[in-house]
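S.K.: Data file model.cif (mmCIF, C-alpha atoms and all ligand atoms) is appended below.
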```cif
data_work
#
loop_
_atom_site.label_atom_id
_atom_site.label_comp_id
_atom_site.auth_asym_id
_atom_site.auth_seq_id
_atom_site.Cartn_x
_atom_site.Cartn_y
_atom_site.Cartn_z
CA MET A 207 0.39 -19.56 0.98
CA ILE A 208 2.31 -21.44 -1.65
CA GLY A 209 6.01 -20.74 -2.25
CA ASN A 210 6.97 -17.12 -2.61
CA SER A 211 3.63 -15.52 -3.31
CA ILE A 212 2.33 -12.76 -1.11
CA ILE A 213 -0.84 -12.09 -3.13
CA LYS A 214 -2.79 -14.60 -5.10
CA LEU A 215 -6.21 -13.84 -6.57
CA HIS A 216 -7.97 -16.38 -8.76
CA ASN A 217 -11.16 -15.47 -10.63
CA VAL A 218 -12.13 -12.87 -8.05
CA ASP A 219 -15.09 -10.57 -8.70
CA VAL A 220 -14.74 -7.13 -7.10
CA TYR A 221 -17.96 -5.40 -6.13
CA GLN A 222 -18.64 -1.93 -4.75
CA GLN A 223 -22.05 -2.58 -3.21
CA LYS A 224 -24.06 -4.08 -6.11
CA HIS A 225 -21.83 -2.67 -8.82
CA LEU A 226 -19.39 -5.18 -10.36
CA VAL A 227 -16.18 -3.15 -10.72
CA LEU A 228 -13.76 -5.89 -11.82
CA SER A 229 -14.58 -9.43 -12.88
CA ALA A 230 -12.59 -12.68 -12.82
CA VAL A 231 -9.44 -11.02 -11.49
CA ASN A 232 -6.27 -13.07 -11.51
CA LEU A 233 -3.29 -11.52 -9.80
CA HIS A 234 -0.13 -13.04 -8.45
CA ILE A 235 2.53 -11.03 -6.64
CA ASP A 236 5.66 -12.54 -5.15
CA LYS A 237 7.56 -11.48 -2.05
CA GLY A 238 9.79 -8.50 -2.77
CA GLU A 239 8.21 -7.68 -6.14
CA PHE A 240 7.56 -4.07 -7.15
CA VAL A 241 4.37 -3.67 -9.20
CA PHE A 242 2.72 -0.59 -10.68
CA LEU A 243 -1.08 -0.61 -10.80
CA ILE A 244 -2.42 1.62 -13.55
CA GLY A 245 -5.78 2.38 -15.14
CA GLN A 246 -8.10 5.31 -15.73
CA THR A 247 -9.95 7.06 -12.94
CA GLY A 248 -12.78 4.81 -11.80
CA SER A 249 -11.26 1.69 -13.39
CA GLY A 250 -11.06 -0.09 -10.03
CA LYS A 251 -7.51 0.33 -8.68
CA SER A 252 -8.59 1.41 -5.20
CA SER A 253 -11.32 -1.23 -5.12
CA LEU A 254 -8.72 -3.90 -5.90
CA MET A 255 -6.55 -2.66 -3.05
CA LYS A 256 -9.58 -2.74 -0.75
CA ILE A 257 -10.04 -6.43 -1.51
CA LEU A 258 -6.42 -7.00 -0.50
CA TYR A 259 -6.71 -5.33 2.89
CA GLY A 260 -10.09 -6.75 3.75
CA GLU A 261 -12.18 -3.61 3.29
CA LEU A 262 -14.18 -5.28 0.51
CA HIS A 263 -15.11 -8.95 0.71
CA ILE A 264 -14.70 -11.69 -1.84
CA THR A 265 -17.89 -13.41 -2.85
CA GLU A 266 -16.70 -15.07 -6.07
CA GLY A 267 -13.29 -16.62 -6.65
CA GLU A 268 -10.37 -17.33 -4.34
CA GLY A 269 -7.94 -14.88 -2.76
CA HIS A 270 -4.97 -14.96 -0.43
CA ALA A 271 -2.94 -12.04 0.94
CA GLY A 272 -0.16 -12.25 3.50
CA GLY A 273 -1.07 -15.83 4.33
CA TYR A 274 -4.76 -15.05 4.93
CA ASP A 275 -7.59 -16.64 2.99
CA LEU A 276 -9.51 -13.48 2.03
CA LYS A 277 -12.71 -15.40 1.47
CA LYS A 278 -12.70 -16.72 5.03
CA LEU A 279 -11.53 -13.48 6.63
CA SER A 280 -13.34 -12.78 9.91
CA ASP A 281 -13.61 -9.41 11.65
CA HIS A 282 -11.11 -10.75 14.15
CA ASP A 283 -8.56 -11.48 11.39
CA ILE A 284 -8.65 -8.05 9.77
CA PRO A 285 -6.35 -6.19 12.21
CA PHE A 286 -3.84 -9.05 11.95
CA LEU A 287 -3.98 -9.03 8.14
CA ARG A 288 -3.41 -5.26 8.21
CA ARG A 289 -0.35 -5.71 10.37
CA LYS A 290 1.14 -7.74 7.54
CA LEU A 291 0.37 -4.91 5.12
CA GLY A 292 1.72 -1.40 5.16
CA ILE A 293 -0.72 1.15 3.83
CA VAL A 294 0.34 4.40 2.15
CA PHE A 295 -2.77 6.25 1.05
CA GLN A 296 -3.35 9.92 0.40
CA ASP A 297 -6.33 10.04 2.71
CA PHE A 298 -4.38 8.42 5.52
CA GLN A 299 -2.07 11.26 6.46
CA LEU A 300 -0.17 12.09 9.64
CA LEU A 301 -1.96 13.38 12.72
CA THR A 302 -1.21 17.09 12.58
CA ASP A 303 -1.28 17.73 16.33
CA ARG A 304 1.62 15.44 17.26
CA THR A 305 5.25 14.97 16.45
CA VAL A 306 6.67 12.44 14.04
CA GLU A 307 7.67 10.26 16.99
CA GLU A 308 4.18 10.47 18.53
CA ASN A 309 2.56 9.64 15.19
CA LEU A 310 4.62 6.48 14.95
CA ALA A 311 4.14 5.57 18.62
CA PHE A 312 0.39 5.94 18.15
CA VAL A 313 0.38 3.18 15.53
CA LEU A 314 2.60 0.88 17.59
CA ASN A 315 0.37 1.33 20.64
CA ALA A 316 -2.71 0.68 18.55
CA THR A 317 -1.19 -2.54 17.22
CA GLY A 318 -0.37 -3.96 20.61
CA TRP A 319 3.23 -2.90 21.28
CA LYS A 320 3.78 -2.42 25.04
CA ASP A 321 7.52 -2.30 25.74
CA LYS A 322 8.70 1.36 25.77
CA ASN A 323 12.28 0.49 24.81
CA LEU A 324 11.22 -1.67 21.89
CA ILE A 325 8.82 1.07 20.75
CA ASN A 326 11.58 3.70 20.85
CA GLU A 327 13.96 1.41 19.02
CA ARG A 328 11.45 0.54 16.30
CA ILE A 329 10.58 4.19 15.69
CA ARG A 330 14.23 5.08 15.28
CA ASP A 331 14.81 2.10 12.98
CA VAL A 332 12.04 3.00 10.53
CA LEU A 333 12.98 6.69 10.50
CA GLU A 334 16.57 5.67 9.76
CA LYS A 335 15.29 3.61 6.80
CA VAL A 336 13.57 6.64 5.26
CA GLY A 337 16.46 8.99 6.08
CA LEU A 338 14.58 11.07 8.66
CA ARG A 339 16.13 10.02 11.95
CA SER A 340 16.83 13.66 12.78
CA LYS A 341 13.15 14.70 12.39
CA LEU A 342 11.88 12.68 15.35
CA ARG A 343 10.64 15.68 17.33
CA LYS A 344 9.28 17.71 14.41
CA MET A 345 5.60 18.43 13.89
CA PRO A 346 4.24 17.42 10.45
CA HIS A 347 3.84 21.08 9.39
CA GLU A 348 7.57 21.57 9.97
CA LEU A 349 8.33 19.00 7.25
CA SER A 350 8.20 19.31 3.47
CA GLY A 351 5.55 17.36 1.54
CA GLY A 352 8.13 14.78 0.51
CA GLU A 353 9.39 14.39 4.08
CA GLN A 354 5.83 13.94 5.33
CA GLN A 355 5.24 11.25 2.75
CA ARG A 356 8.48 9.54 3.83
CA VAL A 357 7.19 9.53 7.41
CA VAL A 358 3.98 7.94 6.08
CA VAL A 359 6.16 5.27 4.44
CA ALA A 360 8.07 4.84 7.74
CA ARG A 361 4.74 4.40 9.51
CA ALA A 362 3.74 1.72 6.99
CA LEU A 363 7.00 -0.13 7.76
CA LEU A 364 6.50 -0.21 11.55
CA ASN A 365 5.10 -3.71 11.76
CA ASN A 366 7.56 -5.14 9.25
CA PRO A 367 4.95 -5.75 6.53
CA GLU A 368 5.28 -8.33 3.78
CA LEU A 369 3.49 -6.01 1.38
CA ILE A 370 3.07 -2.26 1.02
CA LEU A 371 -0.10 -1.02 -0.67
CA ALA A 372 0.50 2.49 -1.94
CA ASP A 373 -2.42 4.32 -3.57
CA GLU A 374 -1.10 7.37 -5.48
CA PRO A 375 1.67 7.98 -2.93
CA THR A 376 3.22 10.70 -5.07
CA GLY A 377 -0.06 12.32 -6.08
CA ASN A 378 0.62 15.62 -4.30
CA LEU A 379 4.37 15.79 -4.82
CA ASP A 380 6.54 17.63 -7.34
CA PRO A 381 8.48 15.52 -9.87
CA GLU A 382 11.78 15.53 -7.98
CA THR A 383 10.19 14.66 -4.64
CA SER A 384 8.08 11.98 -6.34
CA GLU A 385 11.30 10.35 -7.53
CA GLU A 386 12.71 10.41 -4.00
CA VAL A 387 9.64 8.63 -2.62
CA MET A 388 9.77 6.22 -5.53
CA LEU A 389 13.44 5.40 -4.87
CA LEU A 390 12.53 4.70 -1.28
CA LEU A 391 9.71 2.32 -2.26
CA LYS A 392 12.02 0.56 -4.75
CA ASP A 393 14.60 0.18 -2.04
CA ILE A 394 12.00 -1.30 0.28
CA SER A 395 10.99 -3.87 -2.33
CA ARG A 396 14.64 -4.80 -2.86
CA SER A 397 14.90 -5.59 0.84
CA GLY A 398 12.07 -8.14 0.49
CA THR A 399 8.79 -6.27 1.07
CA ALA A 400 6.53 -6.40 -1.98
CA VAL A 401 5.08 -3.06 -3.13
CA LEU A 402 1.87 -2.57 -5.11
CA MET A 403 1.66 1.07 -6.15
CA ALA A 404 -1.32 2.64 -7.92
CA THR A 405 -0.33 5.64 -9.99
CA HIS A 406 -1.28 7.86 -12.90
CA ASN A 407 2.29 9.12 -13.18
CA TYR A 408 3.69 7.77 -16.43
CA ASN A 409 6.96 9.64 -15.99
CA LEU A 410 7.68 7.60 -12.89
CA ILE A 411 6.78 4.40 -14.70
CA ARG A 412 9.22 5.30 -17.49
CA THR A 413 11.96 6.28 -15.10
CA PHE A 414 11.60 3.21 -12.87
CA PRO A 415 10.69 0.33 -15.21
CA SER A 416 8.86 -2.38 -13.26
CA ARG A 417 6.10 -4.87 -13.72
CA ILE A 418 2.79 -3.19 -14.66
CA VAL A 419 -0.72 -4.43 -13.90
CA LYS A 420 -3.65 -2.58 -15.46
CA CYS A 421 -7.35 -2.20 -14.63
CA GLU A 422 -9.27 -1.77 -17.87
CA ASN A 423 -12.86 -2.36 -18.97
CA GLY A 424 -13.73 -4.24 -15.82
CA ARG A 425 -10.76 -6.60 -16.04
CA VAL A 426 -7.25 -6.77 -14.60
CA ILE A 427 -4.50 -7.30 -17.12
CA GLU A 428 -1.32 -8.73 -15.62
CA ASP A 429 2.03 -7.76 -17.12
CA VAL A 430 1.22 -4.87 -19.43
CA LYS A 431 4.00 -3.57 -21.68
CA MET A 432 4.61 0.18 -21.65
CA VAL A 433 4.56 1.85 -25.04
N1 LIG B 501 -18.01 3.29 -1.83
C1 LIG B 501 -18.44 3.09 -3.08
N2 LIG B 501 -19.72 2.77 -3.33
C2 LIG B 501 -20.17 2.54 -4.58
N3 LIG B 501 -19.37 2.61 -5.67
C3 LIG B 501 -18.09 2.93 -5.50
C4 LIG B 501 -17.56 3.20 -4.20
N4 LIG B 501 -16.24 3.49 -4.32
C5 LIG B 501 -15.97 3.42 -5.64
N5 LIG B 501 -17.07 3.09 -6.35
C6 LIG B 501 -17.16 2.90 -7.81
O1 LIG B 501 -16.30 1.82 -8.17
C7 LIG B 501 -15.63 2.10 -9.40
C8 LIG B 501 -14.13 1.97 -9.19
O2 LIG B 501 -13.66 2.98 -8.29
P1 LIG B 501 -12.18 3.00 -7.73
O3 LIG B 501 -12.13 4.04 -6.67
O4 LIG B 501 -11.79 1.62 -7.38
O5 LIG B 501 -11.37 3.47 -9.04
P2 LIG B 501 -9.86 3.95 -9.16
O6 LIG B 501 -9.30 3.25 -10.38
O7 LIG B 501 -9.15 3.76 -7.89
O8 LIG B 501 -10.03 5.49 -9.49
P3 LIG B 501 -9.01 6.75 -9.17
O9 LIG B 501 -7.89 6.62 -10.16
O10 LIG B 501 -9.88 7.92 -9.47
O11 LIG B 501 -8.60 6.65 -7.74
C9 LIG B 501 -16.08 3.48 -9.82
O12 LIG B 501 -17.10 3.32 -10.78
C10 LIG B 501 -16.61 4.11 -8.56
O13 LIG B 501 -17.63 5.02 -8.85
#
```
Show this structure as structure tokens.
M.R.:
Amino acid sequence: MIGNSIIKLHNVDVYQQKHLVLSAVNLHIDKGEFVFLIGQTGSGKSSLMKILYGELHITEGEGHAGGYDLKKLSDHDIPFLRRKLGIVFQDFQLLTDRTVEENLAFVLNATGWKDKNLINERIRDVLEKVGLRSKLRKMPHELSGGEQQRVVVARALLNNPELILADEPTGNLDPETSEEVMLLLKDISRSGTAVLMATHNYNLIRTFPSRIVKCENGRVIEDVKMV
């Protein structure tokens, strides 16, 4: 990885099976940047994110994420790449049958953490960051939608990622709660973790002006101006 960049795609074609979704994608994101990813339904936002976390493979072009060469990514590399990325997706919600603490411990165990004290400390640290230290022992259903989404963000922070990929993280939230989650993600980017957030919510984009990248007509346009 050269200099400050956390994502670098050069002339990447993005396929879903045989269907070319995006062609010749160039994208460069630096450490600590906050970037909105916009585009109509079906324009390829989720597919682009899948390239970045190794769910879809690169056949044409060059790509790097979190220090990994995406073109040379082996099955063995994928869990390590994903430890460098925090993922906040709507279809990746909390386990409903365990507490907040157990949800977070589950991820740490699954990513190789062994030391009980370090696990406890890390869980408390990330909950502190999202302002939910007091909700440690709560079950997900005892939290509001916004609180649950903040726990999802805390979970994404567990392994100290260099980049957070957030696909419609405010999709199910009311406007006020969406702004809270947004403030949190902005805060996270300010502390050095880059955030790439796919959204259809133009109010948020207006309220929190940031760099905008757009998927349109099979291409990715870097640095779109909002009208
Ligand atoms: N698993 C799949 N197999 C085949 N085609 C797919 C698959 N997933 C998505 N596609 C197609 O790829 C294109 C891009 O879909 P993608 O989910 O990336 O769009 P999106 O911009 O994220 O949409 P949305 O805003 O609705 O989430 C669409 O034409 C979609 O039908």
S.K.: Could you check the closest approach to Asn326 of chain A for each of A:Leu349, A:Ile235, A:Leu364, A:Leu258 and tell me which residue wins, using all atoms listed in the file?
M.R.: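 Answer, going by the shortest atom-to-atom distance: A:Leu364.
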S.K.: How would you write as number ranges by chain the residues that get within 8 Å of (-11.2, -8.4, -16.0) in the file's frame, counting only C-alpha atoms?
M.R.: A: 228-231, 421-427
S.K.: Between A:Leu314, A:Val306, A:Val227, A:Leu410, which residue has the minimum interatomic distance to Ser340 of chain A, considering all atoms listed in the file?
M.R.: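 Using all atoms listed in the file, the shortest distance to Ser340 of chain A belongs to A:Val306.
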S.K.: Using only C-alpha atoms and all ligand atoms, find each protein or nucleic acid residue lying at most 10 Å from ligand LIG 501 (chain B); present the set as a ChimeraX atom specification.
M.R.: /A:220-228,243-256,262,373-374,404-406,420-422,424
S.K.: In terms of the shortest atom-to-atom distance over all atoms listed in the file, which of A:Leu402, A:Leu389, A:Ile329, A:Ile213 is closest to Ala271 of chain A?
M.R.: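 Looking at the shortest contact to Ala271 of chain A, the residue is A:Ile213.
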S.K.: Using Å and a single decimal, report how far atom CA of Gly273 of chain A sits from atom CA of Gly318 of chain A.
M.R.: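 Atom CA of Gly273 of chain A lies 20.2 Å from atom CA of Gly318 of chain A.
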S.K.: What does the structure give for the distance between atom CA of Thr305 of chain A and atom CA of Gly398 of chain A, in Å to one decimal?
M.R.: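 Atom-to-atom, atom CA of Thr305 of chain A and atom CA of Gly398 of chain A are spaced 28.9 Å apart.
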S.K.: Select, from A:Thr376, A:Ser397, A:Asp219, A:Met388, the residue with the minimum atom-to-atom distance to Ser416 of chain A, counting all atoms listed in the file.
M.R.: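 The closest residue to Ser416 of chain A is A:Met388.
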S.K.: Provide the atom CA of Leu287 of chain A to atom CA of Ala360 of chain A distance in Å, to one decimal place.
M.R.: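 Atom CA of Ala360 of chain A lies at a distance of 18.4 Å from atom CA of Leu287 of chain A.
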S.K.: Between A:Lys344, A:Arg361, A:Arg356, A:Lys237, which is the closest to Val401 of chain A once you count only C-alpha atoms?
M.R.: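 Smallest distance to Val401 of chain A is found for A:Lys237.
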